[in-house]
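Data from query.pdb: PDB, C-alpha atoms
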ATOM      1  CA  MET A 828      -8.973  22.243 -96.270  1.00  0.00           C
ATOM      2  CA  THR A 829     -11.403  21.200 -98.986  1.00  0.00           C
ATOM      3  CA  PRO A 830     -13.835  18.599 -97.599  1.00  0.00           C
ATOM      4  CA  LEU A 831     -13.786  15.134 -99.115  1.00  0.00           C
ATOM      5  CA  THR A 832     -16.623  14.064-101.333  1.00  0.00           C
ATOM      6  CA  LEU A 833     -18.514  10.969-100.317  1.00  0.00           C
ATOM      7  CA  ARG A 834     -16.861   9.038-103.141  1.00  0.00           C
ATOM      8  CA  GLN A 835     -13.383  10.041-101.964  1.00  0.00           C
ATOM      9  CA  TRP A 836     -14.203   9.096 -98.390  1.00  0.00           C
ATOM     10  CA  LEU A 837     -15.489   5.667 -99.416  1.00  0.00           C
ATOM     11  CA  GLN A 838     -12.496   4.985-101.636  1.00  0.00           C
ATOM     12  CA  ALA A 839      -9.932   6.060 -99.027  1.00  0.00           C
ATOM     13  CA  GLU A 840     -10.199   3.071 -96.639  1.00  0.00           C
ATOM     14  CA  PRO A 841     -12.415   0.062 -95.904  1.00  0.00           C
ATOM     15  CA  PHE A 842     -15.851   0.974 -94.541  1.00  0.00           C
ATOM     16  CA  SER A 843     -18.895  -0.743 -93.061  1.00  0.00           C
ATOM     17  CA  LEU A 844     -22.466  -0.006 -94.139  1.00  0.00           C
ATOM     18  CA  GLY A 845     -25.388   0.463 -91.764  1.00  0.00           C
ATOM     19  CA  LEU A 846     -28.987   0.438 -93.043  1.00  0.00           C
ATOM     20  CA  SER A 847     -31.665   1.884 -90.782  1.00  0.00           C
ATOM     21  CA  SER A 848     -35.138   0.552 -90.167  1.00  0.00           C
ATOM     22  CA  GLY A 849     -38.023   2.366 -91.814  1.00  0.00           C
ATOM     23  CA  PHE A 850     -41.100   0.168 -92.406  1.00  0.00           C
ATOM     24  CA  PHE A 851     -41.000  -0.608 -96.170  1.00  0.00           C
ATOM     25  CA  GLY A 852     -37.811   1.406 -96.654  1.00  0.00           C
ATOM     26  CA  PHE A 853     -36.066  -1.565 -98.260  1.00  0.00           C
ATOM     27  CA  PHE A 854     -36.873  -0.090-101.683  1.00  0.00           C
ATOM     28  CA  ALA A 855     -34.766   3.009-100.943  1.00  0.00           C
ATOM     29  CA  HIS A 856     -31.971   0.939 -99.362  1.00  0.00           C
ATOM     30  CA  CYS A 857     -31.863  -1.168-102.516  1.00  0.00           C
ATOM     31  CA  GLY A 858     -31.580   1.863-104.784  1.00  0.00           C
ATOM     32  CA  MET A 859     -28.655   3.081-102.705  1.00  0.00           C
ATOM     33  CA  ILE A 860     -26.711  -0.204-102.776  1.00  0.00           C
ATOM     34  CA  GLN A 861     -27.255  -0.495-106.530  1.00  0.00           C
ATOM     35  CA  VAL A 862     -25.055   2.585-106.888  1.00  0.00           C
ATOM     36  CA  LEU A 863     -22.393   1.287-104.506  1.00  0.00           C
ATOM     37  CA  GLU A 864     -22.248  -2.004-106.387  1.00  0.00           C
ATOM     38  CA  GLN A 865     -21.981  -0.300-109.772  1.00  0.00           C
ATOM     39  CA  GLU A 866     -19.116   1.825-108.445  1.00  0.00           C
ATOM     40  CA  GLY A 867     -17.338  -1.191-106.935  1.00  0.00           C
ATOM     41  CA  LEU A 868     -17.707   0.278-103.430  1.00  0.00           C
ATOM     42  CA  TYR A 869     -18.308  -2.842-101.364  1.00  0.00           C
ATOM     43  CA  PRO A 870     -18.443  -2.620 -97.553  1.00  0.00           C
ATOM     44  CA  GLN A 871     -16.309  -4.777 -95.285  1.00  0.00           C
ATOM     45  CA  ARG A 872     -19.333  -5.383 -93.026  1.00  0.00           C
ATOM     46  CA  LEU A 873     -23.106  -4.936 -93.346  1.00  0.00           C
ATOM     47  CA  ALA A 874     -25.530  -4.123 -90.560  1.00  0.00           C
ATOM     48  CA  GLY A 875     -29.209  -3.284 -90.306  1.00  0.00           C
ATOM     49  CA  SER A 876     -32.553  -3.341 -88.566  1.00  0.00           C
ATOM     50  CA  SER A 877     -35.934  -4.239 -90.070  1.00  0.00           C
ATOM     51  CA  ALA A 878     -36.025  -2.993 -93.695  1.00  0.00           C
ATOM     52  CA  GLY A 879     -32.271  -2.452 -93.416  1.00  0.00           C
ATOM     53  CA  ALA A 880     -31.785  -5.996 -92.146  1.00  0.00           C
ATOM     54  CA  LEU A 881     -33.633  -7.413 -95.149  1.00  0.00           C
ATOM     55  CA  VAL A 882     -31.487  -5.612 -97.724  1.00  0.00           C
ATOM     56  CA  ALA A 883     -28.249  -6.099 -95.783  1.00  0.00           C
ATOM     57  CA  ALA A 884     -28.873  -9.841 -95.470  1.00  0.00           C
ATOM     58  CA  CYS A 885     -29.771 -10.260 -99.140  1.00  0.00           C
ATOM     59  CA  TRP A 886     -26.638  -8.404-100.279  1.00  0.00           C
ATOM     60  CA  ALA A 887     -24.387 -10.139 -97.758  1.00  0.00           C
ATOM     61  CA  SER A 888     -25.744 -13.545 -98.781  1.00  0.00           C
ATOM     62  CA  GLY A 889     -24.502 -13.086-102.332  1.00  0.00           C
ATOM     63  CA  LEU A 890     -27.474 -11.614-104.182  1.00  0.00           C
ATOM     64  CA  GLY A 891     -26.618  -8.772-106.533  1.00  0.00           C
ATOM     65  CA  ALA A 892     -28.305  -5.417-106.001  1.00  0.00           C
ATOM     66  CA  ASP A 893     -30.166  -5.691-109.317  1.00  0.00           C
ATOM     67  CA  ARG A 894     -31.516  -9.105-108.324  1.00  0.00           C
ATOM     68  CA  ILE A 895     -32.729  -7.673-105.011  1.00  0.00           C
ATOM     69  CA  ALA A 896     -34.414  -4.828-106.902  1.00  0.00           C
ATOM     70  CA  GLU A 897     -36.086  -7.327-109.245  1.00  0.00           C
ATOM     71  CA  GLU A 898     -37.482  -9.228-106.269  1.00  0.00           C
ATOM     72  CA  LEU A 899     -38.773  -6.108-104.537  1.00  0.00           C
ATOM     73  CA  LEU A 900     -40.366  -4.637-107.637  1.00  0.00           C
ATOM     74  CA  SER A 901     -42.262  -7.861-108.303  1.00  0.00           C
ATOM     75  CA  LEU A 902     -43.613  -7.968-104.728  1.00  0.00           C
ATOM     76  CA  GLN A 903     -47.376  -8.232-104.292  1.00  0.00           C
ATOM     77  CA  ARG A 904     -49.231  -7.968-100.994  1.00  0.00           C
ATOM     78  CA  SER A 905     -50.493 -11.522-101.452  1.00  0.00           C
ATOM     79  CA  ASP A 906     -46.862 -12.718-101.371  1.00  0.00           C
ATOM     80  CA  PHE A 907     -46.640 -12.046 -97.618  1.00  0.00           C
ATOM     81  CA  TRP A 908     -50.237 -11.436 -96.504  1.00  0.00           C
ATOM     82  CA  ASP A 909     -51.277 -14.302 -94.204  1.00  0.00           C
ATOM     83  CA  PRO A 910     -53.606 -13.035 -91.441  1.00  0.00           C
ATOM     84  CA  TRP A 911     -53.721 -15.338 -88.440  1.00  0.00           C
ATOM     85  CA  PRO A 912     -55.053 -14.976 -84.879  1.00  0.00           C
ATOM     86  CA  GLY A 913     -52.330 -13.889 -82.469  1.00  0.00           C
ATOM     87  CA  PRO A 914     -50.295 -10.898 -81.257  1.00  0.00           C
ATOM     88  CA  GLY A 915     -50.128  -9.332 -84.707  1.00  0.00           C
ATOM     89  CA  LEU A 916     -52.116  -9.283 -87.929  1.00  0.00           C
ATOM     90  CA  LEU A 917     -49.861 -11.532 -90.001  1.00  0.00           C
ATOM     91  CA  ARG A 918     -48.522 -14.951 -89.100  1.00  0.00           C
ATOM     92  CA  GLY A 919     -45.305 -14.338 -91.079  1.00  0.00           C
ATOM     93  CA  GLN A 920     -45.072 -17.819 -92.583  1.00  0.00           C
ATOM     94  CA  LYS A 921     -45.389 -16.560 -96.177  1.00  0.00           C
ATOM     95  CA  PHE A 922     -42.738 -13.934 -95.520  1.00  0.00           C
ATOM     96  CA  ARG A 923     -40.325 -16.513 -94.115  1.00  0.00           C
ATOM     97  CA  GLU A 924     -40.900 -18.938 -96.989  1.00  0.00           C
ATOM     98  CA  ARG A 925     -40.211 -16.206 -99.537  1.00  0.00           C
ATOM     99  CA  LEU A 926     -37.039 -15.221 -97.681  1.00  0.00           C
ATOM    100  CA  SER A 927     -35.824 -18.801 -97.611  1.00  0.00           C
ATOM    101  CA  ALA A 928     -36.427 -19.238-101.348  1.00  0.00           C
ATOM    102  CA  LEU A 929     -34.677 -15.970-102.152  1.00  0.00           C
ATOM    103  CA  MET A 930     -31.520 -16.228-100.046  1.00  0.00           C
ATOM    104  CA  SER A 931     -28.570 -17.973-101.614  1.00  0.00           C
ATOM    105  CA  VAL A 932     -27.222 -19.064 -98.201  1.00  0.00           C
ATOM    106  CA  GLN A 933     -28.935 -20.049 -94.971  1.00  0.00           C
ATOM    107  CA  SER A 934     -26.462 -18.994 -92.255  1.00  0.00           C
ATOM    108  CA  PHE A 935     -24.481 -15.941 -91.187  1.00  0.00           C
ATOM    109  CA  GLU A 936     -21.290 -17.935 -91.477  1.00  0.00           C
ATOM    110  CA  ALA A 937     -21.897 -18.614 -95.184  1.00  0.00           C
ATOM    111  CA  CYS A 938     -22.401 -14.948 -96.124  1.00  0.00           C
ATOM    112  CA  ARG A 939     -19.811 -13.405 -98.444  1.00  0.00           C
ATOM    113  CA  ILE A 940     -19.742 -10.209 -96.336  1.00  0.00           C
ATOM    114  CA  PRO A 941     -19.802 -10.284 -92.511  1.00  0.00           C
ATOM    115  CA  LEU A 942     -23.305  -9.433 -91.360  1.00  0.00           C
ATOM    116  CA  VAL A 943     -24.724  -7.924 -88.145  1.00  0.00           C
ATOM    117  CA  LEU A 944     -28.481  -7.727 -87.567  1.00  0.00           C
ATOM    118  CA  SER A 945     -30.483  -6.177 -84.743  1.00  0.00           C
ATOM    119  CA  ALA A 946     -33.712  -7.618 -83.341  1.00  0.00           C
ATOM    120  CA  HIS A 947     -35.677  -6.538 -80.271  1.00  0.00           C
ATOM    121  CA  ASP A 948     -35.841  -9.053 -77.412  1.00  0.00           C
ATOM    122  CA  LEU A 949     -39.353  -8.671 -76.007  1.00  0.00           C
ATOM    123  CA  MET A 950     -38.473 -10.298 -72.666  1.00  0.00           C
ATOM    124  CA  SER A 951     -35.434  -8.186 -71.829  1.00  0.00           C
ATOM    125  CA  ARG A 952     -36.762  -5.180 -73.812  1.00  0.00           C
ATOM    126  CA  GLN A 953     -33.309  -4.706 -75.284  1.00  0.00           C
ATOM    127  CA  THR A 954     -31.596  -5.036 -78.645  1.00  0.00           C
ATOM    128  CA  ARG A 955     -30.206  -8.428 -79.509  1.00  0.00           C
ATOM    129  CA  VAL A 956     -27.287  -8.180 -81.911  1.00  0.00           C
ATOM    130  CA  ILE A 957     -27.105 -11.312 -84.072  1.00  0.00           C
ATOM    131  CA  VAL A 958     -23.904 -12.264 -85.893  1.00  0.00           C
ATOM    132  CA  GLU A 959     -24.074 -16.051 -86.209  1.00  0.00           C
ATOM    133  CA  GLY A 960     -26.389 -18.983 -86.710  1.00  0.00           C
ATOM    134  CA  PRO A 961     -29.432 -19.447 -88.970  1.00  0.00           C
ATOM    135  CA  LEU A 962     -29.979 -16.440 -91.219  1.00  0.00           C
ATOM    136  CA  ILE A 963     -33.662 -16.634 -92.151  1.00  0.00           C
ATOM    137  CA  PRO A 964     -35.116 -16.604 -88.599  1.00  0.00           C
ATOM    138  CA  ALA A 965     -32.871 -13.653 -87.694  1.00  0.00           C
ATOM    139  CA  VAL A 966     -34.018 -11.594 -90.700  1.00  0.00           C
ATOM    140  CA  HIS A 967     -37.640 -12.556 -90.013  1.00  0.00           C
ATOM    141  CA  ALA A 968     -37.307 -11.427 -86.386  1.00  0.00           C
ATOM    142  CA  SER A 969     -35.664  -8.131 -87.302  1.00  0.00           C
ATOM    143  CA  CYS A 970     -38.463  -7.399 -89.790  1.00  0.00           C
ATOM    144  CA  ALA A 971     -41.373  -8.402 -87.511  1.00  0.00           C
ATOM    145  CA  VAL A 972     -43.062  -5.014 -87.178  1.00  0.00           C
ATOM    146  CA  PRO A 973     -45.117  -4.975 -83.949  1.00  0.00           C
ATOM    147  CA  PHE A 974     -48.858  -5.458 -84.472  1.00  0.00           C
ATOM    148  CA  LEU A 975     -48.312  -6.229 -88.166  1.00  0.00           C
ATOM    149  CA  PHE A 976     -46.398  -9.525 -87.679  1.00  0.00           C
ATOM    150  CA  HIS A 977     -46.482 -12.061 -84.901  1.00  0.00           C
ATOM    151  CA  PRO A 978     -43.290 -12.049 -82.784  1.00  0.00           C
ATOM    152  CA  VAL A 979     -40.571 -14.478 -83.868  1.00  0.00           C
ATOM    153  CA  TRP A 980     -39.071 -16.948 -81.425  1.00  0.00           C
ATOM    154  CA  LEU A 981     -35.277 -17.162 -81.428  1.00  0.00           C
ATOM    155  CA  GLY A 982     -34.309 -19.880 -79.012  1.00  0.00           C
ATOM    156  CA  MET A 983     -36.604 -19.534 -76.021  1.00  0.00           C
ATOM    157  CA  LYS A 984     -37.384 -15.833 -76.432  1.00  0.00           C
ATOM    158  CA  PRO A 985     -39.833 -13.857 -78.588  1.00  0.00           C
ATOM    159  CA  HIS A 986     -38.375 -11.080 -80.747  1.00  0.00           C
ATOM    160  CA  CYS A 987     -39.723  -8.343 -82.964  1.00  0.00           C
ATOM    161  CA  ASP A 988     -38.609  -5.507 -85.235  1.00  0.00           C
ATOM    162  CA  GLY A 989     -35.036  -4.436 -84.533  1.00  0.00           C
ATOM    163  CA  GLY A 990     -36.034  -0.821 -85.063  1.00  0.00           C
ATOM    164  CA  VAL A 991     -37.913  -0.829 -81.750  1.00  0.00           C
ATOM    165  CA  SER A 992     -34.656  -0.405 -79.804  1.00  0.00           C
ATOM    166  CA  ASP A 993     -32.047   0.086 -82.546  1.00  0.00           C
ATOM    167  CA  ARG A 994     -33.652   2.114 -85.302  1.00  0.00           C
ATOM    168  CA  ARG A 995     -30.260   2.858 -86.844  1.00  0.00           C
ATOM    169  CA  GLY A 996     -29.361  -0.832 -86.952  1.00  0.00           C
ATOM    170  CA  ILE A 997     -25.709  -0.173 -86.084  1.00  0.00           C
ATOM    171  CA  LYS A 998     -25.330  -1.305 -82.458  1.00  0.00           C
ATOM    172  CA  GLY A 999     -23.274  -4.258 -83.661  1.00  0.00           C
ATOM    173  CA  ILE A1000     -20.732  -2.155 -85.584  1.00  0.00           C
ATOM    174  CA  PRO A1001     -17.471  -1.624 -83.634  1.00  0.00           C
ATOM    175  CA  ARG A1002     -16.999   2.070 -82.963  1.00  0.00           C
ATOM    176  CA  GLN A1003     -13.497   2.091 -84.442  1.00  0.00           C
ATOM    177  CA  GLU A1004     -14.777   1.046 -87.879  1.00  0.00           C
ATOM    178  CA  ARG A1005     -15.432   3.630 -90.574  1.00  0.00           C
ATOM    179  CA  LEU A1006     -19.171   3.609 -91.160  1.00  0.00           C
ATOM    180  CA  LEU A1007     -21.468   4.802 -93.922  1.00  0.00           C
ATOM    181  CA  TYR A1008     -24.947   5.032 -92.419  1.00  0.00           C
ATOM    182  CA  HIS A1009     -27.989   5.256 -94.699  1.00  0.00           C
ATOM    183  CA  HIS A1010     -30.604   7.093 -92.673  1.00  0.00           C
ATOM    184  CA  MET A1011     -34.231   6.412 -93.478  1.00  0.00           C
ATOM    185  CA  ALA A1012     -36.116   9.468 -92.243  1.00  0.00           C
ATOM    186  CA  SER A1013     -39.261   8.280 -90.489  1.00  0.00           C
ATOM    187  CA  GLN A1014     -42.590   9.376 -91.929  1.00  0.00           C
ATOM    188  CA  SER A1015     -44.563   7.674 -89.191  1.00  0.00           C
ATOM    189  CA  PRO A1016     -47.259   9.863 -87.593  1.00  0.00           C
ATOM    190  CA  TRP A1017     -46.544   8.080 -84.294  1.00  0.00           C
ATOM    191  CA  ARG A1018     -42.989   9.384 -83.864  1.00  0.00           C
ATOM    192  CA  ARG A1019     -42.234  12.803 -82.426  1.00  0.00           C
ATOM    193  CA  ALA A1020     -40.155  15.020 -84.699  1.00  0.00           C
ATOM    194  CA  ASN A1021     -37.447  15.279 -82.032  1.00  0.00           C
ATOM    195  CA  SER A1022     -37.428  11.587 -81.145  1.00  0.00           C
ATOM    196  CA  PRO A1023     -33.886  10.448 -80.242  1.00  0.00           C
ATOM    197  CA  SER A1024     -34.319   7.424 -82.507  1.00  0.00           C
ATOM    198  CA  LEU A1025     -34.541   9.736 -85.513  1.00  0.00           C
ATOM    199  CA  GLN A1026     -31.297  11.570 -84.803  1.00  0.00           C
ATOM    200  CA  LEU A1027     -28.181  10.835 -86.828  1.00  0.00           C
ATOM    201  CA  PRO A1028     -25.416   8.890 -85.044  1.00  0.00           C
ATOM    202  CA  GLN A1029     -22.793  11.023 -83.341  1.00  0.00           C
ATOM    203  CA  ARG A1030     -19.708   8.850 -83.555  1.00  0.00           C
ATOM    204  CA  GLN A1031     -16.273   9.217 -85.035  1.00  0.00           C
ATOM    205  CA  ASN A1032     -15.434   7.806 -88.470  1.00  0.00           C
ATOM    206  CA  THR A1033     -19.098   7.942 -89.508  1.00  0.00           C
ATOM    207  CA  VAL A1034     -20.776   9.583 -92.491  1.00  0.00           C
ATOM    208  CA  SER A1035     -24.578   9.672 -92.731  1.00  0.00           C
ATOM    209  CA  LEU A1036     -26.367   9.720 -96.087  1.00  0.00           C
ATOM    210  CA  VAL A1037     -29.785  11.372 -95.872  1.00  0.00           C
ATOM    211  CA  ILE A1038     -32.114  11.341 -98.880  1.00  0.00           C
ATOM    212  CA  ALA A1039     -35.072  13.711 -98.647  1.00  0.00           C
ATOM    213  CA  ASP A1040     -38.670  13.404 -99.821  1.00  0.00           C
ATOM    214  CA  LEU A1041     -38.823   9.706-100.552  1.00  0.00           C
ATOM    215  CA  PRO A1042     -42.377   8.455-101.215  1.00  0.00           C
ATOM    216  CA  ARG A1043     -44.013   6.543 -98.388  1.00  0.00           C
ATOM    217  CA  VAL A1044     -44.334   2.812 -99.080  1.00  0.00           C
ATOM    218  CA  GLY A1045     -46.389   0.221 -97.209  1.00  0.00           C
ATOM    219  CA  PRO A1046     -48.495  -2.909 -97.702  1.00  0.00           C
ATOM    220  CA  PHE A1047     -51.198  -0.838 -99.399  1.00  0.00           C
ATOM    221  CA  ARG A1048     -48.736   1.485-101.167  1.00  0.00           C
ATOM    222  CA  LEU A1049     -46.460  -1.019-102.868  1.00  0.00           C
ATOM    223  CA  PRO A1050     -46.632   0.772-106.265  1.00  0.00           C
ATOM    224  CA  ASN A1051     -44.733   3.645-104.588  1.00  0.00           C
ATOM    225  CA  GLY A1052     -41.794   1.281-104.139  1.00  0.00           C
ATOM    226  CA  LYS A1053     -40.603   1.720-107.712  1.00  0.00           C
ATOM    227  CA  ARG A1054     -40.440   5.499-107.299  1.00  0.00           C
ATOM    228  CA  ALA A1055     -38.680   5.182-103.929  1.00  0.00           C
ATOM    229  CA  LEU A1056     -36.054   2.863-105.382  1.00  0.00           C
ATOM    230  CA  GLN A1057     -35.431   5.062-108.416  1.00  0.00           C
ATOM    231  CA  GLN A1058     -35.274   8.271-106.380  1.00  0.00           C
ATOM    232  CA  ALA A1059     -32.808   6.715-103.948  1.00  0.00           C
ATOM    233  CA  TYR A1060     -30.683   5.466-106.841  1.00  0.00           C
ATOM    234  CA  GLU A1061     -30.556   8.872-108.506  1.00  0.00           C
ATOM    235  CA  ALA A1062     -29.947  10.690-105.225  1.00  0.00           C
ATOM    236  CA  THR A1063     -27.063   8.375-104.318  1.00  0.00           C
ATOM    237  CA  CYS A1064     -25.470   8.974-107.724  1.00  0.00           C
ATOM    238  CA  ARG A1065     -25.497  12.689-106.954  1.00  0.00           C
ATOM    239  CA  ALA A1066     -24.407  12.171-103.355  1.00  0.00           C
ATOM    240  CA  LEU A1067     -21.135  10.477-104.320  1.00  0.00           C
ATOM    241  CA  ASP A1068     -19.748  13.755-105.641  1.00  0.00           C
ATOM    242  CA  ARG A1069     -21.161  15.955-102.893  1.00  0.00           C
ATOM    243  CA  PRO A1070     -18.807  17.199-100.152  1.00  0.00           C
ATOM    244  CA  ILE A1071     -19.218  15.759 -96.668  1.00  0.00           C
ATOM    245  CA  GLU A1072     -20.327  18.513 -94.298  1.00  0.00           C
ATOM    246  CA  LYS A1073     -20.233  17.830 -90.559  1.00  0.00           C
ATOM    247  CA  GLN A1074     -20.257  14.066 -91.202  1.00  0.00           C
ATOM    248  CA  VAL A1075     -23.425  14.260 -93.316  1.00  0.00           C
ATOM    249  CA  VAL A1076     -24.312  14.212 -97.024  1.00  0.00           C
ATOM    250  CA  ARG A1077     -27.856  15.385 -97.759  1.00  0.00           C
ATOM    251  CA  VAL A1078     -29.516  15.024-101.125  1.00  0.00           C
TER     252      VAL A1078
END
Serialized structure, structure tokens:
Amino acid sequence: MTPLTLRQWLQAEPFSLGLSSGFFGFFAHCGMIQVLEQEGLYPQRLAGSSAGALVAACWASGLGADRIAEELLSLQRSDFWDPWPGPGLLRGQKFRERLSALMSVQSFEACRIPLVLSAHDLMSRQTRVIVEGPLIPAVHASCAVPFLFHPVWLGMKPHCDGGVSDRRGIKGIPRQERLLYHHMASQSPWRRANSPSLQLPQRQNTVSLVIADLPRVGPFRLPNGKRALQQAYEATCRALDRPIEKQVVRV
């Protein structure tokens, strides 16, 4: 039997979209969703951790992919750089204010697409899957990279980057749902090459999209974001007509 292309698989039935963490990988996630939006391939549910949570929340809230790209490409370090004494370099207040100004809604319930975000509960040392309530604090918590940002308090508990315990950002997706997972390959020197958190999900009804050789982006490498976004966009365009092999499309 001839394997389905990614496009055929996405068009066949409703699917959810999971966006992995990956430091400043939101540029690549944005390039990928630009293609889905242009093709009219909208997910029935969005999920993510850290960089994935940021893009998933923006798209779910009603922002178009091009508007998200515009925001990211205009980003300057001074827009979120607010050093403050505490358990992390940055206070995070500038980041939260920018999020609040950008989002078109302020709660999960008001999102146009159901949204699932992962944050790491520092007290229980487990993933907290968030599906309701205020949106901005949840996104802030999921993006709070340890040692870069101060932890974020949700209720009575401190939380940090969802990628700490759910790098894939898909713990909140029911296993029976068809899932397209955009895998952000880690370029961190601190992760072992065989780290379990870097492995692709082994679950039924799941296709992983893996884009190789994306430029590394960070607070001091923001100009690389434009290249990462464009490369992800072009790679996703090619990926749509590639056959799915063993639940994976690599470009």
- Task: Could you give me, as a list in words, the residues that have an atom at most 9 Å away from the point (-28.8, 9.0, -93.6) in the coordinates of the file, using all atoms listed in the file?
- Result: Leu846, Ser847, Leu1007, Tyr1008, His1009, His1010, Met1011, Ala1012, Leu1027, Val1034, Ser1035, Leu1036, Val1037, Ile1038, Val1075, Val1076 and Arg1077 of chain A
- Query: What lies within 8 Å of A:His967 using all atoms listed in the file, ignoring chain neighbours under 6 positions off, as a PyMOL selection string?
  - Reply: chain A and resi 919+922-923+979
- Query: So which residues touch A:Leu926 within 12 Å, counting only C-alpha atoms, skipping near sequence neighbours fewer than 4 positions away, as a ChimeraX atom specification?
  - Reply: /A:880-882,884-885,888,895,898-899,906-907,919-922,930-933,962-968,970
- Task: Determine the nearest neighbour of A:Lys998 from the options A:Gly891, A:Pro978, A:Gly875, A:Pro914, counting all atoms listed in the file.
- Result: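 Checking each of A:Gly891, A:Pro978, A:Gly875, A:Pro914 against A:Lys998, counting all atoms listed in the file, the winner is A:Gly875.
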Counting all atoms listed in the file, which residues have an atom no more than 6 Å from (-21.4, 2.7, -94.4) in the file's coordinates? Please list them as a PDB file with C-alpha atoms, in the coordinates of the input.
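The resulting part-v9.pdb:
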ATOM      1  CA  PHE A 842     -15.851   0.974 -94.541  1.00  0.00           C
ATOM      2  CA  SER A 843     -18.895  -0.743 -93.061  1.00  0.00           C
ATOM      3  CA  LEU A 844     -22.466  -0.006 -94.139  1.00  0.00           C
ATOM      4  CA  GLY A 845     -25.388   0.463 -91.764  1.00  0.00           C
ATOM      5  CA  LEU A1006     -19.171   3.609 -91.160  1.00  0.00           C
ATOM      6  CA  LEU A1007     -21.468   4.802 -93.922  1.00  0.00           C
ATOM      7  CA  TYR A1008     -24.947   5.032 -92.419  1.00  0.00           C
TER       8      TYR A1008
END
- Task: Measure the distance from atom CA of A:Gln838 to atom CA of A:Gln1029 in Å and round it to one decimal.
- Result: 21.8 Å
- Nearest-residue call for A:Ala1066, choices A:Thr829, A:Gln835, A:Ser969, A:Ser901, using all atoms listed in the file: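 Residue with the minimum atom-to-atom distance to A:Ala1066: A:Gln835.
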- Using the chain letters and numbers from the file, which residues does the PyMOL selection byres ((chain A and resi 831) around 10) grab, as an NGL selection string? :A and (828-830 or 832-837 or 839 or 1068-1072)
Residues within 12 Å of A:Ser848, only C-alpha atoms, excluding chain neighbours under 3 positions, as an mmCIF file with C-alpha atoms, in the frame of the given file:
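So part_2.cif came out as:
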data_model
loop_
_atom_site.group_PDB
_atom_site.id
_atom_site.type_symbol
_atom_site.label_atom_id
_atom_site.label_comp_id
_atom_site.auth_asym_id
_atom_site.auth_seq_id
_atom_site.Cartn_x
_atom_site.Cartn_y
_atom_site.Cartn_z
ATOM 1 C CA GLY A 845 -25.388 0.463 -91.764
ATOM 2 C CA PHE A 851 -41.000 -0.608 -96.170
ATOM 3 C CA GLY A 852 -37.811 1.406 -96.654
ATOM 4 C CA PHE A 853 -36.066 -1.565 -98.260
ATOM 5 C CA PHE A 854 -36.873 -0.090 -101.683
ATOM 6 C CA ALA A 855 -34.766 3.009 -100.943
ATOM 7 C CA HIS A 856 -31.971 0.939 -99.362
ATOM 8 C CA ALA A 874 -25.530 -4.123 -90.560
ATOM 9 C CA GLY A 875 -29.209 -3.284 -90.306
ATOM 10 C CA SER A 876 -32.553 -3.341 -88.566
ATOM 11 C CA SER A 877 -35.934 -4.239 -90.070
ATOM 12 C CA ALA A 878 -36.025 -2.993 -93.695
ATOM 13 C CA GLY A 879 -32.271 -2.452 -93.416
ATOM 14 C CA ALA A 880 -31.785 -5.996 -92.146
ATOM 15 C CA LEU A 881 -33.633 -7.413 -95.149
ATOM 16 C CA VAL A 882 -31.487 -5.612 -97.724
ATOM 17 C CA ALA A 883 -28.249 -6.099 -95.783
ATOM 18 C CA LEU A 944 -28.481 -7.727 -87.567
ATOM 19 C CA SER A 945 -30.483 -6.177 -84.743
ATOM 20 C CA ALA A 946 -33.712 -7.618 -83.341
ATOM 21 C CA SER A 969 -35.664 -8.131 -87.302
ATOM 22 C CA CYS A 970 -38.463 -7.399 -89.790
ATOM 23 C CA ALA A 971 -41.373 -8.402 -87.511
ATOM 24 C CA VAL A 972 -43.062 -5.014 -87.178
ATOM 25 C CA ASP A 988 -38.609 -5.507 -85.235
ATOM 26 C CA GLY A 989 -35.036 -4.436 -84.533
ATOM 27 C CA GLY A 990 -36.034 -0.821 -85.063
ATOM 28 C CA VAL A 991 -37.913 -0.829 -81.750
ATOM 29 C CA SER A 992 -34.656 -0.405 -79.804
ATOM 30 C CA ASP A 993 -32.047 0.086 -82.546
ATOM 31 C CA ARG A 994 -33.652 2.114 -85.302
ATOM 32 C CA ARG A 995 -30.260 2.858 -86.844
ATOM 33 C CA GLY A 996 -29.361 -0.832 -86.952
ATOM 34 C CA ILE A 997 -25.709 -0.173 -86.084
ATOM 35 C CA TYR A 1008 -24.947 5.032 -92.419
ATOM 36 C CA HIS A 1009 -27.989 5.256 -94.699
ATOM 37 C CA HIS A 1010 -30.604 7.093 -92.673
ATOM 38 C CA MET A 1011 -34.231 6.412 -93.478
ATOM 39 C CA ALA A 1012 -36.116 9.468 -92.243
ATOM 40 C CA SER A 1013 -39.261 8.280 -90.489
ATOM 41 C CA GLN A 1014 -42.590 9.376 -91.929
ATOM 42 C CA SER A 1015 -44.563 7.674 -89.191
ATOM 43 C CA SER A 1024 -34.319 7.424 -82.507
ATOM 44 C CA LEU A 1025 -34.541 9.736 -85.513
#
- Message: Just want the 10 Å neighbourhood of A:Arg939, counted on all atoms listed in the file, with same-chain residues fewer than 2 positions away dropped. Output as a list in words.
- Response: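 In the requested form, the answer reads Gln871, Arg872, Trp886, Ala887, Ser888, Gly889, Leu890, Val932, Phe935, Glu936, Ala937, Pro941 and Leu942 of chain A.
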- By how many Å are atom CA of A:Gln861 and atom CA of A:Pro1046 apart? 23.1 Å
Polymer residues at most 8 Å from A:Leu900, only C-alpha atoms, same-chain spacing of 2 or more positions, as an mmCIF file with C-alpha atoms, keeping the file's coordinate frame:
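Below is the file that was written, part.cif:
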data_model
loop_
_atom_site.group_PDB
_atom_site.id
_atom_site.type_symbol
_atom_site.label_atom_id
_atom_site.label_comp_id
_atom_site.auth_asym_id
_atom_site.auth_seq_id
_atom_site.Cartn_x
_atom_site.Cartn_y
_atom_site.Cartn_z
ATOM 1 C CA ALA A 896 -34.414 -4.828 -106.902
ATOM 2 C CA GLU A 897 -36.086 -7.327 -109.245
ATOM 3 C CA GLU A 898 -37.482 -9.228 -106.269
ATOM 4 C CA LEU A 902 -43.613 -7.968 -104.728
ATOM 5 C CA GLY A 1052 -41.794 1.281 -104.139
ATOM 6 C CA LYS A 1053 -40.603 1.720 -107.712
#
